[in-house]
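Written out below as structure tokens is the structure these notes cover.
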2 protein chains.
Amino acid sequence: MPLDLRVDRSSPVPLYFQLAQQLEAAIEQGRLTPGSLLGNEIELAARLGLSRPTVRQAIQSLVDKGLLVRRRGVGTQVVHSQVKRPLELSSLYDDLAAAGQRPATKVLVNTVVPASATVAAALGVAEGGDVHRVERLRLAHGEPMAYLINHLPPGLLDLDTGRLEATGLYRLMRSAGITLHSARQSIGARGATAAEAERLTEAEGAPLLTMQRTTFDDTGRAVEFGDHTYRPTRYSFEFQLLVRP
Amino acid sequence: MPLDLRVDRSSPVPLYFQLAQQLEAAIEQGRLTPGSLLGNEIELAARLGLSRPTVRQAIQSLVDKGLLVRRRGVGTQVVHSQVKRPLELSSLYDDLAAAGQRPATKVLVNTVVPASATVAAALGVAEGGDVHRVERLRLAHGEPMAYLINHLPPGLLDLDTGRLEATGLYRLMRSAGITLHSARQSIGARGATAAEAERLTEAEGAPLLTMQRTTFDDTGRAVEFGDHTYRPTRYSFEFQLLVRP
DNA sequence: TAGTGGTCTAGACCACACA
DNA sequence: GTGTGGTCTAGACCACTAC
């Protein structure tokens with residue numbers, strides 16, 4: 001049975017987007033099986049009463065997501081799954097909540113401090129100038145999982161301790177109207193210092209997973225610099241990435 | 001002075017691609033400065049003798065790369081730098097060579113073995129069936145940096161030890177006509193076992209950075225499963241990522 | 001109000017894969 | 001040869017931003 005696709009021209013949602021959503025849902029629900037051909041663009045456009053460029057735009061967005069593959073002379077095929085979500089700038093809090101881990105946050109430090117050389121360089125502010133410093137302990141099922149140190153430029157955000165404990169930093173930023181654009185990350189490992197060990201209830205010298213990240217908004221301004229340590233027995237970085245064509 | 005843009009209609013290179021390349025080069029060379037407006041699409045199209053959709057396609061490709069930002073009612077701006085390269089599926093060998101680290105590879109194992117349960121699940125082959133197993137020690141400046149264990153489905157590739165020592169595994173795959181599509185990665189940390197410690201000239205229990213990765217081609221077939229350990233004093237994962245809009 | 005990007009149309013010709 | 005996606009055109013109207 002052919003797919004039941006239709007678009008609503010009275011909706012404010014763009015036509016290509018409506019089509020892309022329906023195709024994605026069909027793939028997710030298995031109504032479009034991996035490896036199957038989508039049917040050619042011209043016929044699909046005619047069937048839906050759309051122009052070919054509009055149909056192409058819908059298909060292209062799913063190709064960009066890695067769900068479809070196009071081959072000239074062959075057709076458009078559904079990728080043999082394995083693809084779920086590309087790497088994205090998600091907060092640890094949301095990741096944990098999505099995994100059903102009942103995350104909790106304890107804000108241990110929330111203050112304004114003079115910027116160290118490292119922080120100043122990362123945020124593009126003057127050394128010794130004011131920056132927000134936040135230190136948080138992230139727990140799952142009551143067990144410490146990560147220790148998060150973040151620095152933010154002054155005046156960017158109202159960092160309320162209560163809200164920091166109820167949600168993630170990125171969610172706070174987005175709801176403050178900040179458009180996140182890109183981030184530069186470095187992931188490594190090292191032995192825990194005595195202070196780190198105590199915070200995370202590990203032994204001194206125990207292996208820790210570390211991440212440093214600077215996040216930029218769409219004007220190129222650095223909006224956050226994070227220095228995080230994770231207990232590797234409790235957390236690892238899982239992600240999917242697509243090969244640029 | 002306005003940008004000197006031009007397209008060659010006799011070239012087999014698509015017009016939108018020619019334009020995108022020139023804009024990207026202008027950004028990279030600073031002839032288009034961060035924050036500057038690109039000028040509206042209709043005028044740009046008229047100036048180049050192109051249609052607006054073609055110009056839009058060029059601009060869109062740079063937006064996807066994170067180099068430009070479009071705002072309705074405002075215009076198209078060059079992002080305030082910081083953006084260099086998105087996360088991509090590169091080989092450690094190429095990364096090291098690009099950083100001028102004179103990488104070297106010692107192939108320690110290159111044979112066919114029966115698939116373990118883990119390998120069989122990752123590659124989608126029968127447990128106990130034949131798979132290629134490759135173990136390599138990666139060195140930089142003569143120092144061990146990583147120990148790489150890879151499994152590949154049988155018959156996919158001619159795994160010549162000489163070529164494995166001269167280049168990276170991904171380069172070999174691509175030159176064999178395999179179209180890499182996506183990969184699923186997990187990055188973590190743990191203490192070194194006695195065997196791992198000896199391979200990497202570390203102490204037993206020393207922190208190691210670990211990565212497991214399964215790579216898929218565009219038909220959805222798993223083409224490689226890697227289990228790698230890195231010396232965190234010598235290597236960390238550095239990458240940039242873009243926020244999906 | 002003026003200017004921008006966002007969406008959409010109805011065609012056209014070409015390059016490539018496959019039988 | 002036939003069918004597919006890849007590229008390109010010359011318009012149109014709309015939504016949002018800034019003044």
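By order of appearance in the structure tokens: chains A, B, ..., then residues from 1 within every chain, and ligands from 1 in the order shown.
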
For range 6-10 of chain C: contacts at 12 Å, only C-alpha atoms (C1' of nucleotides), fewer than 2 positions along chain excluded, given as a CSV table (one decimal) with N, CA and C atoms (P, O5', C5', C4', C3', O3' and C1' of nucleotides), in the first residue's frame:
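Once written, selection09.csv looks like this:
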chain,number,residue,atom,x,y,z
A,9,ARG,N,-2.6,23.1,2.9
A,9,ARG,CA,-2.1,24.4,2.3
A,9,ARG,C,-2.6,25.6,3.2
A,12,PRO,N,0.1,27.3,8.4
A,12,PRO,CA,1.3,28.1,8.3
A,12,PRO,C,2.6,27.4,8.2
A,13,VAL,N,2.6,26.1,8.5
A,13,VAL,CA,3.8,25.2,8.4
A,13,VAL,C,4.1,25.1,6.9
A,14,PRO,N,5.4,25.4,6.6
A,14,PRO,CA,5.8,25.2,5.2
A,14,PRO,C,5.5,23.9,4.6
A,15,LEU,N,5.1,23.9,3.3
A,15,LEU,CA,4.7,22.6,2.7
A,15,LEU,C,5.9,21.6,2.7
A,16,TYR,N,7.1,22.0,2.4
A,16,TYR,CA,8.2,21.1,2.4
A,16,TYR,C,8.4,20.5,3.8
A,17,PHE,N,8.1,21.3,4.8
A,17,PHE,CA,8.3,20.8,6.2
A,17,PHE,C,7.3,19.8,6.6
A,42,ILE,N,9.3,13.6,-9.4
A,42,ILE,CA,8.3,14.2,-10.2
A,42,ILE,C,6.9,13.7,-10.0
A,45,ALA,N,5.7,14.7,-6.6
A,45,ALA,CA,5.2,16.1,-6.6
A,45,ALA,C,3.8,16.2,-7.2
A,46,ALA,N,3.6,15.4,-8.3
A,46,ALA,CA,2.3,15.4,-9.0
A,46,ALA,C,1.3,14.9,-8.0
A,49,GLY,N,0.4,17.4,-5.5
A,49,GLY,CA,0.0,18.8,-6.0
A,49,GLY,C,1.1,19.8,-5.6
A,50,LEU,N,2.3,19.4,-5.5
A,50,LEU,CA,3.4,20.3,-5.2
A,50,LEU,C,4.4,20.4,-6.4
A,51,SER,N,5.2,21.4,-6.4
A,51,SER,CA,6.2,21.5,-7.4
A,51,SER,C,7.4,20.7,-7.0
A,52,ARG,N,8.2,20.3,-8.0
A,52,ARG,CA,9.3,19.5,-7.7
A,52,ARG,C,10.3,20.1,-6.8
A,53,PRO,N,10.7,21.4,-6.9
A,53,PRO,CA,11.6,21.9,-5.9
A,53,PRO,C,11.1,21.8,-4.5
A,54,THR,N,9.9,22.0,-4.3
A,54,THR,CA,9.4,21.8,-2.9
A,54,THR,C,9.5,20.4,-2.4
A,55,VAL,N,9.2,19.4,-3.2
A,55,VAL,CA,9.4,18.1,-2.8
A,55,VAL,C,10.9,17.8,-2.6
A,57,GLN,N,13.1,19.9,-1.6
A,57,GLN,CA,13.6,20.5,-0.3
A,57,GLN,C,13.2,19.6,0.8
B,53,PRO,N,17.4,31.4,-6.8
B,53,PRO,CA,17.6,30.1,-6.2
B,53,PRO,C,19.0,29.6,-6.2
B,56,ARG,N,20.9,31.4,-3.6
B,56,ARG,CA,20.4,30.9,-2.3
B,56,ARG,C,21.1,29.5,-2.0
B,70,ARG,N,21.7,33.7,8.5
B,70,ARG,CA,20.7,34.5,7.8
B,70,ARG,C,19.7,35.0,8.8
B,71,ARG,N,19.2,36.2,8.7
B,71,ARG,CA,18.2,36.8,9.5
B,71,ARG,C,17.2,37.4,8.6
B,72,ARG,N,15.9,37.0,8.7
B,72,ARG,CA,14.9,37.6,7.9
B,72,ARG,C,14.8,39.1,8.3
B,73,GLY,N,14.6,39.9,7.3
B,73,GLY,CA,14.5,41.3,7.5
B,73,GLY,C,15.8,42.0,7.7
C,4,DT,P,17.7,45.0,0.6
C,4,DT,O5',17.6,43.6,1.4
C,4,DT,C5',18.1,43.5,2.7
C,4,DT,C4',17.4,42.4,3.4
C,4,DT,C3',17.5,41.0,2.7
C,4,DT,O3',18.6,40.3,3.1
C,4,DT,C1',15.3,41.5,3.7
C,12,DA,P,9.0,22.5,-20.8
C,12,DA,O5',10.6,22.7,-20.7
C,12,DA,C5',11.2,24.0,-20.9
C,12,DA,C4',12.6,24.0,-20.5
C,12,DA,C3',13.4,22.8,-21.0
C,12,DA,O3',14.1,23.2,-22.2
C,12,DA,C1',13.9,23.2,-18.7
D,9,DT,P,20.9,30.1,-13.5
D,9,DT,O5',19.4,30.2,-14.0
D,9,DT,C5',19.2,29.9,-15.4
D,9,DT,C4',17.8,30.2,-15.8
D,9,DT,C3',17.2,31.5,-15.3
D,9,DT,O3',16.6,32.2,-16.4
D,9,DT,C1',15.8,29.8,-14.6
D,10,DA,P,16.8,33.7,-16.6
D,10,DA,O5',15.4,34.3,-16.3
D,10,DA,C5',14.2,33.8,-17.0
D,10,DA,C4',13.0,34.1,-16.2
D,10,DA,C3',13.0,35.5,-15.6
D,10,DA,O3',11.8,36.1,-15.8
D,10,DA,C1',12.5,33.8,-14.0
D,11,DG,P,11.6,37.7,-15.6
D,11,DG,O5',11.3,37.8,-14.0
D,11,DG,C5',10.0,38.2,-13.6
D,11,DG,C4',9.2,36.9,-13.2
D,11,DG,C3',8.3,37.1,-12.0
D,11,DG,O3',7.1,37.7,-12.4
D,11,DG,C1',9.4,35.0,-11.9
D,12,DA,P,6.4,38.9,-11.5
D,12,DA,O5',5.8,38.0,-10.3
D,12,DA,C5',4.9,37.0,-10.7
D,12,DA,C4',4.5,36.2,-9.4
D,12,DA,C3',4.2,37.2,-8.2
D,12,DA,O3',2.8,37.2,-8.1
D,12,DA,C1',5.7,35.4,-7.6
D,13,DC,P,2.2,38.4,-7.3
D,13,DC,O5',2.2,37.9,-5.8
D,13,DC,C5',1.5,36.7,-5.5
D,13,DC,C4',1.9,36.2,-4.1
D,13,DC,C3',1.7,37.2,-3.0
D,13,DC,O3',0.9,36.6,-2.0
D,13,DC,C1',3.9,36.3,-2.9
D,14,DC,P,0.4,37.5,-0.7
D,14,DC,O5',1.3,36.9,0.4
D,14,DC,C5',1.5,35.5,0.6
D,14,DC,C4',2.5,35.2,1.7
D,14,DC,C3',2.3,36.1,2.9
D,14,DC,O3',2.4,35.2,4.1
D,14,DC,C1',4.6,36.2,2.1
D,15,DA,P,2.1,35.8,5.5
D,15,DA,O5',3.5,35.9,6.1
D,15,DA,C5',4.3,34.8,6.3
D,15,DA,C4',5.6,35.1,7.1
D,15,DA,C3',5.3,35.9,8.4
D,15,DA,O3',6.2,35.5,9.3
D,15,DA,C1',6.7,37.1,6.9
D,16,DC,P,6.0,36.0,10.8
D,16,DC,O5',7.3,36.9,11.0
D,16,DC,C5',8.6,36.3,10.8
D,16,DC,C4',9.6,37.4,10.6
D,16,DC,C3',9.7,38.4,11.7
D,16,DC,O3',10.9,38.3,12.3
D,16,DC,C1',9.7,39.5,9.5

Cut-off 10 Å: closest chain D/chain A atom pairs per residue, using only C-alpha atoms (C1' of nucleotides), as JSON lines:
{"residue": "D:DG3", "atom": "C1'", "partner": "A:Gly73", "partner_atom": "CA", "distance": 6.7}
{"residue": "D:DT4", "atom": "C1'", "partner": "A:Gly73", "partner_atom": "CA", "distance": 3.8}
{"residue": "D:DG5", "atom": "C1'", "partner": "A:Arg72", "partner_atom": "CA", "distance": 4.4}
{"residue": "D:DG6", "atom": "C1'", "partner": "A:Arg72", "partner_atom": "CA", "distance": 7.8}

DSSP says alpha helix (DSSP H) for which residues of range 83-171 of chain B? Put them as a list in words?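 Residues meeting the alpha helix (DSSP H) criterion: Leu92, Tyr93, Asp94, Asp95, Leu96, Ala97, Ala98, Ala117, Thr118, Val119, Ala120, Ala121, Ala122, Leu123, Thr161, Gly162, Arg163, Leu164, Glu165, Ala166, Leu169, Tyr170 and Arg171 of chain B.
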
For the residues selected in the previous step, produce a file with C-alpha atoms as a CSV table (one decimal), in the first residue's frame.
chain,number,residue,atom,x,y,z
B,92,LEU,CA,43.6,9.4,13.8
B,93,TYR,CA,46.4,9.1,11.2
B,94,ASP,CA,45.2,12.0,9.2
B,95,ASP,CA,44.6,14.1,12.3
B,96,LEU,CA,48.2,13.5,13.4
B,97,ALA,CA,49.7,14.2,10.0
B,98,ALA,CA,47.7,17.4,9.8
B,117,ALA,CA,29.6,-11.8,20.6
B,118,THR,CA,30.3,-8.1,20.9
B,119,VAL,CA,31.9,-8.0,17.5
B,120,ALA,CA,29.2,-10.0,15.9
B,121,ALA,CA,26.5,-7.7,17.3
B,122,ALA,CA,28.3,-4.6,16.2
B,123,LEU,CA,29.0,-5.8,12.6
B,161,THR,CA,49.8,-4.7,6.3
B,162,GLY,CA,52.1,-2.4,4.3
B,163,ARG,CA,49.3,-0.1,3.3
B,164,LEU,CA,47.9,-0.1,6.8
B,165,GLU,CA,51.2,1.2,8.1
B,166,ALA,CA,51.4,3.9,5.4
B,169,LEU,CA,42.0,2.7,7.7
B,170,TYR,CA,39.4,5.2,6.5
B,171,ARG,CA,41.5,6.3,3.6

Write out as a list in words which residues come within 6 Å of range 21-36 of chain A when counting only C-alpha atoms (C1' of nucleotides), dropping same-chain ones fewer than 2 positions away.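 Answer for this query is Gln18, Leu19, Gln77, Val78, Val79 and His80 of chain A.
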
Could you list, as a PDB file with C-alpha atoms, in the first residue's frame, the residues of chain B having an atom within 8 Å of chain A when counting only C-alpha atoms?
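For reference, out.pdb as written:
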ATOM      1  CA  GLY B  35      29.762  40.529  11.095  1.00  0.00           C
ATOM      2  CA  GLY B  66      28.250  27.502  10.086  1.00  0.00           C
ATOM      3  CA  VAL B  69      23.909  33.374   9.475  1.00  0.00           C
ATOM      4  CA  VAL B  79      29.717  34.592  11.571  1.00  0.00           C
ATOM      5  CA  HIS B  80      32.249  36.006  14.004  1.00  0.00           C
ATOM      6  CA  SER B  81      34.778  33.286  13.222  1.00  0.00           C
ATOM      7  CA  GLN B  82      35.668  30.681  15.858  1.00  0.00           C
ATOM      8  CA  VAL B  83      34.242  28.245  13.375  1.00  0.00           C
ATOM      9  CA  LEU B  87      33.156  17.231  13.710  1.00  0.00           C
ATOM     10  CA  GLU B  88      33.947  14.793  10.997  1.00  0.00           C
ATOM     11  CA  LEU B  89      34.824  11.189  10.638  1.00  0.00           C
ATOM     12  CA  LEU B 180      31.118   6.099   4.600  1.00  0.00           C
ATOM     13  CA  HIS B 181      27.829   7.426   5.866  1.00  0.00           C
ATOM     14  CA  SER B 182      27.603   7.528   9.640  1.00  0.00           C
ATOM     15  CA  ALA B 183      29.208   6.284  12.812  1.00  0.00           C
ATOM     16  CA  ARG B 184      28.121   5.620  16.352  1.00  0.00           C
ATOM     17  CA  GLN B 185      30.728   6.496  18.953  1.00  0.00           C
ATOM     18  CA  SER B 186      31.178   6.111  22.645  1.00  0.00           C
ATOM     19  CA  ILE B 187      33.982   7.921  24.447  1.00  0.00           C
ATOM     20  CA  GLY B 188      34.906   7.043  28.003  1.00  0.00           C
ATOM     21  CA  ALA B 189      37.774   6.498  30.393  1.00  0.00           C
ATOM     22  CA  ARG B 190      39.088   3.742  32.616  1.00  0.00           C
ATOM     23  CA  GLY B 191      42.233   2.488  34.331  1.00  0.00           C
ATOM     24  CA  ALA B 206      46.812   4.731  34.775  1.00  0.00           C
ATOM     25  CA  PRO B 207      43.882   6.668  33.268  1.00  0.00           C
ATOM     26  CA  LEU B 208      43.192   5.833  29.645  1.00  0.00           C
ATOM     27  CA  LEU B 209      40.844   7.507  27.192  1.00  0.00           C
ATOM     28  CA  ASP B 218      25.432   4.396   2.870  1.00  0.00           C
ATOM     29  CA  THR B 219      23.632   1.082   2.503  1.00  0.00           C
ATOM     30  CA  GLY B 220      23.479   0.820   6.282  1.00  0.00           C
ATOM     31  CA  ARG B 221      25.997  -2.011   6.423  1.00  0.00           C
ATOM     32  CA  PRO B 232      45.340  10.978  27.707  1.00  0.00           C
ATOM     33  CA  THR B 233      48.613  12.816  28.280  1.00  0.00           C
ATOM     34  CA  TYR B 235      45.847  12.748  22.975  1.00  0.00           C
ATOM     35  CA  SER B 236      42.394  14.207  23.462  1.00  0.00           C
ATOM     36  CA  PHE B 237      39.374  14.554  21.230  1.00  0.00           C
ATOM     37  CA  GLU B 238      39.038  18.078  19.897  1.00  0.00           C
ATOM     38  CA  PHE B 239      36.078  19.046  17.805  1.00  0.00           C
ATOM     39  CA  GLN B 240      33.660  21.718  16.857  1.00  0.00           C
ATOM     40  CA  LEU B 241      29.982  21.145  16.569  1.00  0.00           C
ATOM     41  CA  LEU B 242      27.144  23.157  15.157  1.00  0.00           C
ATOM     42  CA  VAL B 243      23.758  23.515  16.781  1.00  0.00           C
ATOM     43  CA  ARG B 244      20.992  22.240  14.591  1.00  0.00           C
TER      44      ARG B 244
END

Between CA of Pro144 in chain B and CA of Glu196 in chain B, what distance in Å does the model show, to one decimal? 11.4 Å

If you run DSSP on the backbone, which residues of range 14-240 of chain A are strand (DSSP E or B), as a PyMOL selection string? chain A and resi 37+68-71+75-78+86+103-114+130-140+143-152+180-191+207-217+222-230+237-240

Can you work out the spacing between CA of Asp4 in chain A and C1' of DA17 in chain C in Å, to one decimal?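 Answer for the CA of Asp4 in chain A to C1' of DA17 in chain C separation: 29.0 Å.
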
Please list as a PyMOL selection string every residue within 7 Å of Val112 in chain A, counting only C-alpha atoms (C1' of nucleotides) and excluding residues in the same chain fewer than 4 positions away. chain A and resi 130-133

Quick one: write out the picked residues with all heavy atoms as an mmCIF file, in the first residue's frame?
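What ended up in selection.cif:
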data_model
loop_
_atom_site.group_PDB
_atom_site.id
_atom_site.type_symbol
_atom_site.label_atom_id
_atom_site.label_comp_id
_atom_site.auth_asym_id
_atom_site.auth_seq_id
_atom_site.Cartn_x
_atom_site.Cartn_y
_atom_site.Cartn_z
ATOM 1 N N ASP A 130 34.964 40.969 35.645
ATOM 2 C CA ASP A 130 33.906 40.162 36.269
ATOM 3 C C ASP A 130 33.403 39.065 35.333
ATOM 4 O O ASP A 130 33.141 39.316 34.156
ATOM 5 C CB ASP A 130 32.711 41.062 36.641
ATOM 6 C CG ASP A 130 32.984 41.831 37.924
ATOM 7 O OD1 ASP A 130 34.011 41.565 38.560
ATOM 8 O OD2 ASP A 130 32.151 42.692 38.275
ATOM 9 N N VAL A 131 33.254 37.877 35.868
ATOM 10 C CA VAL A 131 32.547 36.792 35.174
ATOM 11 C C VAL A 131 31.733 36.026 36.212
ATOM 12 O O VAL A 131 32.078 35.988 37.395
ATOM 13 C CB VAL A 131 33.508 35.809 34.465
ATOM 14 C CG1 VAL A 131 34.146 36.450 33.237
ATOM 15 C CG2 VAL A 131 34.579 35.300 35.406
ATOM 16 N N HIS A 132 30.659 35.433 35.741
ATOM 17 C CA HIS A 132 29.885 34.545 36.603
ATOM 18 C C HIS A 132 30.610 33.211 36.718
ATOM 19 O O HIS A 132 31.123 32.695 35.722
ATOM 20 C CB HIS A 132 28.494 34.295 36.008
ATOM 21 C CG HIS A 132 27.519 35.377 36.287
ATOM 22 N ND1 HIS A 132 26.989 35.618 37.527
ATOM 23 C CD2 HIS A 132 26.967 36.303 35.467
ATOM 24 C CE1 HIS A 132 26.152 36.642 37.464
ATOM 25 N NE2 HIS A 132 26.129 37.084 36.225
ATOM 26 N N ARG A 133 30.612 32.663 37.906
ATOM 27 C CA ARG A 133 31.150 31.318 38.105
ATOM 28 C C ARG A 133 30.083 30.463 38.759
ATOM 29 O O ARG A 133 29.502 30.854 39.777
ATOM 30 C CB ARG A 133 32.403 31.351 38.984
ATOM 31 C CG ARG A 133 33.009 29.958 39.222
ATOM 32 C CD ARG A 133 34.177 30.037 40.203
ATOM 33 N NE ARG A 133 34.762 28.731 40.478
ATOM 34 C CZ ARG A 133 35.822 28.245 39.832
ATOM 35 N NH1 ARG A 133 36.388 28.946 38.868
ATOM 36 N NH2 ARG A 133 36.310 27.052 40.147
#

Pick from B:Lys106, B:Ile59, B:Gly177, B:Leu48, whichever lies nearest to chain C using only C-alpha atoms (C1' of nucleotides): B:Ile59

Test item: residues at most 7 Å from Leu139 in chain A, only C-alpha atoms (C1' of nucleotides), excluding those fewer than 2 positions along its chain, as number ranges by chain: A: 103-105, 137, 141-145

Would you work out the distance separating CA of Gln60 in chain A from CA of Arg6 in chain B, expressed in Å to one decimal?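 So the two atoms, CA of Gln60 in chain A and CA of Arg6 in chain B, lie 26.9 Å apart.
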